[in-house]
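Enquirer: Got query_0.txt for you, compact mmCIF, C-alpha atoms:
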# COMPACT_ATOMS: atom_id res chain seq x y z
CA MET A 1 38.77 -63.31 -41.31
CA ALA A 2 38.63 -59.56 -41.03
CA ASP A 3 40.88 -58.39 -43.83
CA LYS A 4 41.58 -54.73 -43.06
CA SER A 5 43.02 -54.17 -46.53
CA LYS A 6 39.41 -54.37 -47.75
CA ILE A 7 38.32 -51.24 -45.84
CA GLY A 8 37.22 -48.68 -48.41
CA MET A 9 36.84 -51.29 -51.11
CA GLU A 10 33.90 -50.73 -53.42
CA LEU A 11 32.05 -53.75 -54.65
CA PRO A 12 31.24 -53.69 -58.36
CA ALA A 13 28.23 -51.41 -59.01
CA TYR A 14 25.17 -53.39 -59.96
CA THR A 15 22.09 -52.28 -61.87
CA PHE A 16 18.81 -54.10 -61.61
CA LYS A 17 15.19 -53.55 -62.56
CA VAL A 18 12.67 -53.71 -59.74
CA GLU A 19 10.21 -56.31 -60.95
CA LYS A 20 6.63 -55.99 -59.75
CA ASP A 21 6.37 -59.73 -59.11
CA LYS A 22 9.50 -59.67 -56.98
CA ILE A 23 7.90 -57.02 -54.76
CA ILE A 24 4.75 -59.15 -54.45
CA GLU A 25 6.78 -62.25 -53.61
CA PHE A 26 8.76 -60.33 -50.97
CA ALA A 27 5.65 -58.71 -49.41
CA ILE A 28 3.95 -62.12 -49.19
CA ALA A 29 7.03 -63.56 -47.47
CA ILE A 30 7.34 -60.89 -44.76
CA SER A 31 3.62 -60.93 -44.01
CA GLN A 32 3.65 -64.77 -43.84
CA LYS A 33 0.72 -65.01 -46.24
CA GLY A 34 0.02 -67.50 -48.98
CA ARG A 35 -1.25 -65.24 -51.76
CA LYS A 36 -1.18 -61.61 -52.81
CA GLU A 37 -4.86 -60.92 -52.13
CA GLU A 38 -4.03 -61.14 -48.42
CA ILE A 39 -1.28 -58.50 -48.38
CA ASN A 40 -1.33 -54.69 -48.38
CA PRO A 41 -2.61 -53.68 -51.87
CA ILE A 42 0.10 -50.98 -52.23
CA TYR A 43 2.45 -53.91 -52.97
CA TYR A 44 0.47 -55.32 -55.93
CA ASP A 45 -2.29 -52.97 -57.09
CA GLU A 46 -1.15 -49.82 -58.88
CA GLU A 47 -4.48 -48.04 -58.44
CA ALA A 48 -4.57 -48.75 -54.71
CA ALA A 49 -0.99 -47.56 -54.36
CA LYS A 50 -1.77 -44.29 -56.17
CA LYS A 51 -4.81 -43.75 -54.00
CA ALA A 52 -2.59 -44.21 -50.95
CA GLY A 53 -0.27 -41.45 -52.19
CA TYR A 54 2.47 -43.39 -54.02
CA LYS A 55 3.59 -43.00 -57.64
CA GLY A 56 3.01 -46.70 -58.22
CA ILE A 57 3.53 -50.10 -56.65
CA VAL A 58 6.05 -49.53 -53.88
CA ALA A 59 8.66 -51.83 -52.33
CA PRO A 60 8.47 -52.81 -48.62
CA PRO A 61 10.98 -51.08 -46.29
CA THR A 62 13.54 -53.90 -46.14
CA PHE A 63 13.24 -55.05 -49.78
CA ALA A 64 16.52 -53.44 -50.86
CA THR A 65 18.73 -55.69 -48.75
CA SER A 66 17.84 -58.56 -51.06
CA SER A 67 19.76 -56.96 -53.93
CA PHE A 68 22.90 -58.08 -52.06
CA PHE A 69 22.06 -61.63 -53.09
CA TRP A 70 21.29 -60.94 -56.74
CA THR A 71 24.70 -59.95 -57.93
CA GLY A 72 28.19 -61.27 -58.47
CA GLY A 73 27.33 -64.89 -57.74
CA GLY A 74 24.83 -64.15 -54.98
CA LEU A 75 25.70 -64.70 -51.34
CA MET A 76 28.66 -66.97 -52.06
CA GLY A 77 30.12 -64.52 -54.57
CA ALA A 78 29.92 -61.59 -52.14
CA ILE A 79 31.39 -63.70 -49.34
CA LYS A 80 34.28 -64.68 -51.56
CA ILE A 81 35.01 -61.07 -52.56
CA LEU A 82 34.92 -60.04 -48.89
CA GLY A 83 36.91 -63.04 -47.73
CA MET A 84 34.28 -64.18 -45.23
CA ASP A 85 33.53 -67.58 -43.76
CA LEU A 86 29.96 -68.72 -44.42
CA ASN A 87 29.99 -71.16 -41.51
CA ARG A 88 30.50 -68.28 -39.07
CA LEU A 89 28.46 -65.55 -40.76
CA LEU A 90 25.62 -63.71 -39.00
CA ASP A 91 23.73 -60.53 -39.76
CA ARG A 92 24.04 -58.27 -36.72
CA GLU A 93 22.57 -54.89 -37.58
CA GLU A 94 20.76 -53.14 -40.40
CA GLU A 95 20.07 -49.44 -40.57
CA TYR A 96 18.11 -47.85 -43.40
CA GLU A 97 17.76 -44.21 -44.25
CA TYR A 98 14.97 -43.40 -46.70
CA PHE A 99 14.91 -40.40 -49.04
CA ASP A 100 12.30 -41.61 -51.51
CA ASN A 101 10.39 -44.78 -52.35
CA ILE A 102 11.50 -47.64 -54.57
CA TYR A 103 8.83 -48.32 -57.19
CA ALA A 104 8.12 -51.29 -59.42
CA GLY A 105 9.73 -50.62 -62.80
CA ASP A 106 12.60 -48.53 -61.35
CA VAL A 107 16.07 -49.28 -62.64
CA ILE A 108 18.27 -49.10 -59.57
CA THR A 109 22.02 -48.82 -59.39
CA ARG A 110 23.46 -50.21 -56.22
CA LYS A 111 26.77 -48.95 -54.89
CA MET A 112 28.21 -50.81 -51.97
CA LYS A 113 31.43 -50.36 -50.10
CA VAL A 114 33.24 -51.75 -47.09
CA VAL A 115 33.44 -49.00 -44.47
CA GLU A 116 34.72 -50.95 -41.50
CA MET A 117 36.42 -54.26 -40.72
CA TYR A 118 37.76 -55.22 -37.32
CA THR A 119 38.20 -58.06 -34.86
CA LYS A 120 36.62 -58.04 -31.40
CA GLY A 121 37.57 -60.19 -28.43
CA LYS A 122 40.66 -62.22 -27.58
CA GLY A 123 42.03 -65.72 -27.96
CA ARG A 124 39.56 -68.32 -29.19
CA ARG A 125 36.49 -66.14 -28.75
CA THR A 126 37.05 -63.52 -31.39
CA ILE A 127 34.40 -62.00 -33.61
CA ASP A 128 35.15 -60.44 -36.98
CA VAL A 129 32.96 -57.49 -37.86
CA THR A 130 32.40 -56.11 -41.36
CA ILE A 131 30.30 -53.01 -42.00
CA LEU A 132 28.98 -52.34 -45.50
CA GLU A 133 27.39 -49.14 -46.70
CA THR A 134 25.03 -49.22 -49.66
CA GLU A 135 23.43 -46.49 -51.75
CA LEU A 136 20.55 -47.05 -54.13
CA ILE A 137 20.14 -44.62 -57.00
CA ASN A 138 17.26 -44.69 -59.47
CA GLN A 139 17.18 -44.10 -63.25
CA GLN A 140 16.80 -40.33 -62.68
CA GLY A 141 19.97 -40.26 -60.64
CA GLU A 142 18.06 -39.71 -57.38
CA LEU A 143 19.40 -41.23 -54.18
CA LEU A 144 16.47 -43.28 -52.83
CA MET A 145 18.06 -44.80 -49.79
CA LYS A 146 21.23 -45.53 -47.93
CA TYR A 147 21.83 -48.39 -45.57
CA ARG A 148 24.46 -49.79 -43.32
CA SER A 149 24.79 -53.53 -42.71
CA THR A 150 26.87 -54.96 -39.88
CA LEU A 151 27.93 -58.56 -40.50
CA MET A 152 29.65 -60.74 -37.93
CA GLU A 153 31.69 -63.87 -38.20
CA ILE A 154 31.41 -65.63 -34.86
CA MET X 1 -6.60 -45.95 -39.02
CA VAL X 2 -5.13 -42.58 -39.98
CA VAL X 3 -2.56 -41.22 -37.56
CA ASN X 4 -1.66 -37.54 -37.43
CA TYR X 5 1.37 -35.92 -35.85
CA ASN X 6 -0.73 -34.15 -33.24
CA ASP X 7 -2.35 -37.44 -32.18
CA ILE X 8 0.89 -38.94 -30.97
CA GLU X 9 2.73 -38.17 -27.76
CA ILE X 10 6.00 -39.25 -26.20
CA GLY X 11 5.31 -42.42 -24.22
CA ASN X 12 2.55 -43.62 -26.55
CA GLU X 13 2.85 -47.26 -27.50
CA MET X 14 2.60 -48.60 -31.02
CA PRO X 15 -0.11 -51.23 -31.56
CA VAL X 16 1.26 -54.64 -30.55
CA TYR X 17 1.72 -56.96 -33.55
CA THR X 18 1.80 -60.74 -33.18
CA SER X 19 3.12 -62.84 -36.06
CA ALA X 20 1.93 -66.27 -37.02
CA PRO X 21 4.34 -68.93 -35.67
CA ILE X 22 7.23 -68.96 -38.17
CA THR X 23 7.27 -72.23 -40.11
CA ARG X 24 10.03 -73.79 -42.20
CA THR X 25 7.82 -72.94 -45.17
CA ASP X 26 7.90 -69.24 -44.18
CA ILE X 27 11.70 -69.43 -43.99
CA VAL X 28 12.01 -71.11 -47.39
CA ARG X 29 9.58 -68.57 -48.87
CA TYR X 30 11.72 -65.74 -47.51
CA ALA X 31 14.86 -67.41 -48.85
CA GLY X 32 13.31 -67.49 -52.32
CA ALA X 33 11.92 -63.95 -52.13
CA SER X 34 15.17 -62.42 -50.88
CA GLY X 35 17.67 -64.68 -52.61
CA ASP X 36 19.39 -65.43 -49.28
CA PHE X 37 20.10 -69.15 -49.63
CA ASN X 38 22.48 -69.47 -46.71
CA PRO X 39 21.98 -73.20 -45.87
CA LEU X 40 21.71 -72.24 -42.19
CA HIS X 41 18.10 -71.38 -42.94
CA HIS X 42 16.91 -74.56 -44.63
CA ASP X 43 19.43 -77.43 -44.76
CA GLN X 44 19.28 -79.70 -41.72
CA THR X 45 22.45 -81.57 -42.75
CA PHE X 46 24.43 -78.29 -42.80
CA ILE X 47 22.95 -77.44 -39.38
CA LYS X 48 24.20 -80.73 -37.95
CA LEU X 49 27.61 -80.15 -39.47
CA ILE X 50 28.04 -76.84 -37.63
CA GLY X 51 26.74 -78.31 -34.38
CA MET X 52 23.35 -76.62 -34.19
CA LYS X 53 20.00 -78.25 -33.56
CA ASN X 54 17.57 -76.54 -35.89
CA VAL X 55 17.40 -74.30 -38.92
CA ILE X 56 16.85 -70.67 -37.95
CA ALA X 57 14.89 -67.82 -39.49
CA HIS X 58 16.78 -65.09 -41.37
CA GLY X 59 17.39 -62.03 -39.21
CA MET X 60 16.01 -60.09 -42.16
CA LEU X 61 12.79 -62.13 -42.04
CA ILE X 62 12.35 -61.00 -38.44
CA MET X 63 13.10 -57.40 -39.52
CA GLY X 64 10.60 -57.88 -42.35
CA ILE X 65 7.96 -58.98 -39.83
CA VAL X 66 8.83 -55.92 -37.73
CA SER X 67 8.44 -53.73 -40.84
CA GLU X 68 4.95 -55.19 -41.27
CA ALA X 69 4.20 -54.28 -37.66
CA VAL X 70 5.44 -50.72 -38.26
CA THR X 71 3.74 -50.14 -41.62
CA SER X 72 0.42 -51.48 -40.41
CA TRP X 73 0.52 -48.43 -38.11
CA ILE X 74 2.67 -45.82 -39.91
CA GLU X 75 2.67 -45.98 -43.73
CA ASN X 76 5.87 -46.68 -45.69
CA LYS X 77 5.95 -43.24 -47.26
CA TYR X 78 6.37 -41.62 -43.84
CA LEU X 79 9.38 -43.73 -42.81
CA ARG X 80 12.71 -41.90 -42.70
CA LYS X 81 14.92 -44.31 -40.80
CA PHE X 82 14.59 -47.91 -39.69
CA SER X 83 17.27 -49.62 -37.65
CA ALA X 84 17.54 -53.05 -36.08
CA ARG X 85 20.02 -55.08 -34.11
CA PHE X 86 19.56 -58.84 -34.10
CA LEU X 87 19.78 -60.29 -30.61
CA SER X 88 19.11 -64.01 -30.82
CA MET X 89 18.26 -66.77 -33.25
CA THR X 90 14.70 -67.84 -33.97
CA GLU X 91 13.83 -71.49 -34.50
CA PRO X 92 10.66 -72.36 -36.41
CA VAL X 93 7.68 -74.32 -35.11
CA ASP X 94 7.92 -78.12 -35.34
CA TRP X 95 4.64 -79.46 -36.70
CA ASP X 96 5.12 -82.75 -34.85
CA ASP X 97 5.41 -80.86 -31.56
CA GLU X 98 3.38 -77.73 -32.20
CA GLU X 99 2.25 -77.14 -28.62
CA ASN X 100 5.79 -76.98 -27.27
CA THR X 101 7.42 -75.08 -30.14
CA LYS X 102 4.95 -72.48 -31.40
CA GLY X 103 5.86 -70.01 -28.65
CA ARG X 104 9.52 -69.85 -29.67
CA ALA X 105 8.46 -69.14 -33.27
CA THR X 106 5.81 -66.47 -32.60
CA ILE X 107 7.16 -62.93 -32.85
CA ILE X 108 5.56 -60.14 -30.83
CA VAL X 109 6.48 -56.61 -31.83
CA SER X 110 5.96 -53.67 -29.52
CA GLY X 111 7.25 -50.13 -29.37
CA LYS X 112 7.11 -46.78 -27.68
CA ILE X 113 7.50 -43.21 -28.92
CA VAL X 114 10.54 -41.64 -27.27
CA LYS X 115 11.07 -38.39 -29.14
CA LYS X 116 9.27 -35.75 -31.20
CA PHE X 117 11.46 -33.32 -33.08
CA GLU X 118 11.97 -31.28 -36.25
CA GLU X 119 14.51 -32.29 -38.84
CA ASN X 120 14.95 -31.28 -42.50
CA GLY X 121 11.89 -29.05 -42.18
CA GLU X 122 9.69 -31.99 -41.18
CA LYS X 123 7.93 -32.92 -37.97
CA ARG X 124 9.37 -36.28 -37.03
CA PHE X 125 9.21 -38.75 -34.19
CA GLN X 126 11.29 -41.66 -33.02
CA CYS X 127 9.81 -44.94 -31.82
CA GLU X 128 11.90 -47.59 -30.06
CA ILE X 129 11.00 -51.15 -31.03
CA ILE X 130 11.42 -54.56 -29.43
CA ALA X 131 10.59 -57.90 -31.02
CA GLN X 132 10.50 -60.94 -28.79
CA ASN X 133 9.05 -64.39 -29.07
CA ALA X 134 6.07 -65.57 -27.03
CA LEU X 135 8.47 -67.01 -24.43
CA GLY X 136 9.97 -63.56 -23.84
CA SER X 137 13.28 -64.14 -25.61
CA LYS X 138 14.38 -60.89 -27.28
CA LYS X 139 15.03 -61.23 -31.01
CA LEU X 140 15.55 -57.70 -32.20
CA SER X 141 15.80 -54.21 -30.79
CA GLY X 142 15.80 -51.06 -32.81
CA PHE X 143 13.93 -47.91 -33.71
CA PHE X 144 12.29 -46.10 -36.53
CA ILE X 145 11.98 -42.41 -37.33
CA ALA X 146 8.98 -41.20 -39.29
CA THR X 147 7.18 -38.04 -40.21
CA LEU X 148 3.42 -37.52 -40.12
CA PRO X 149 1.06 -34.93 -41.56
Please lay out the structure from this file as structure tokens.
Expert:
Amino acid sequence: MADKSKIGMELPAYTFKVEKDKIIEFAIAISQKGRKEEINPIYYDEEAAKKAGYKGIVAPPTFATSSFFWTGGGLMGAIKILGMDLNRLLDREEEYEYFDNIYAGDVITRKMKVVEMYTKGKGRRTIDVTILETELINQQGELLMKYRSTLMEI
Amino acid sequence: MVVNYNDIEIGNEMPVYTSAPITRTDIVRYAGASGDFNPLHHDQTFIKLIGMKNVIAHGMLIMGIVSEAVTSWIENKYLRKFSARFLSMTEPVDWDDEENTKGRATIIVSGKIVKKFEENGEKRFQCEIIAQNALGSKKLSGFFIATLP
């Protein structure tokens, strides 16, 4: 159920270290490969990443969304806080804005808040929409990226 | 292949990227890598309970595949924005009926440059993206904005 009282609510800030092996695991998954030697070396080989112009092993573009599942009881915890119904939940839209890269070894603080909650449609065919905005800040206090996630309960 | 800003023009197409047919193993691997253990993506008994036929891939796995398509052309460090809207669900290939199910599970990513502009002192461009399966069912539409030297 869209609970409009939750608009503006900030989820508890969460700090996590970006583990190199987590980046490798994620890069293997999105490239549908079986082992790291088959993926882009910027995701596992520090030297190769530096040669390609990065400060170190870098995270793939959609890696950050995963942090949603690593905190406060994972998916179920977040759903509970937001008052959502798992049986109806779908991811509708994701929009990332990048200011700098996320590197292996970074300690990232994630700030997430509810920016929108509303119900679409009428009668039995209503859809509840929740929009979350997330900022990721590294150990130097630099804003690395911002993203907006639109979740739907159908 | 190194791409420079002057090499690209409005109307140019990004290289077409074709995924391997998505398997249940790919979905489980993504679940583990991302931490998204929504049972919709792996538990057939949950699927039955909610009246669906098959497990489906994570929308974010499809976006991840699209990010692979993009970054195999334009490197990560040049990306400034990446946006996607999920349009339909993707069922994996059934190994006991591969011929009839691999098309629905194969993602084809294509795109076209629609804009070149300056922003924040950088030369940037916008590329619209579509991901559809091999049967022509649209899975994701979106765009990315990148800079280039």
Enquirer: From the set X:Lys112, X:Arg124, X:His58, X:Lys53, which residue has the shortest atom-to-atom contact distance to Thr23 (chain X), counting all atoms listed in the file?
Expert: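 Selected residue with least distance to Thr23 (chain X): X:His58.
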Enquirer: What are the residues of chain X that have an atom within 8 Å of an atom of chain A, counting only C-alpha atoms, as number ranges by chain?
Expert: X: 20, 22, 26, 29-30, 33-38, 50, 59-61, 63-65, 67-68, 76-77, 79-87
Enquirer: Record the distance separating CA of Pro12 (chain A) and CA of Pro39 (chain X), expressed in Å with one decimal.
Expert: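 Separating CA of Pro12 (chain A) from CA of Pro39 (chain X) is a distance of 24.9 Å.
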Enquirer: Rounded to one decimal place, report the CA of Ile113 (chain X)-CA of Gln132 (chain X) distance in Å.
Expert: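 Between CA of Ile113 (chain X) and CA of Gln132 (chain X) the gap is 18.0 Å.
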Enquirer: Which residue, A:Leu151, A:Asn138, A:Lys50, A:Tyr43, has the smallest gap to Val107 (chain A) when you use all atoms listed in the file?
Expert: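 Using all atoms listed in the file, the shortest distance to Val107 (chain A) belongs to A:Asn138.
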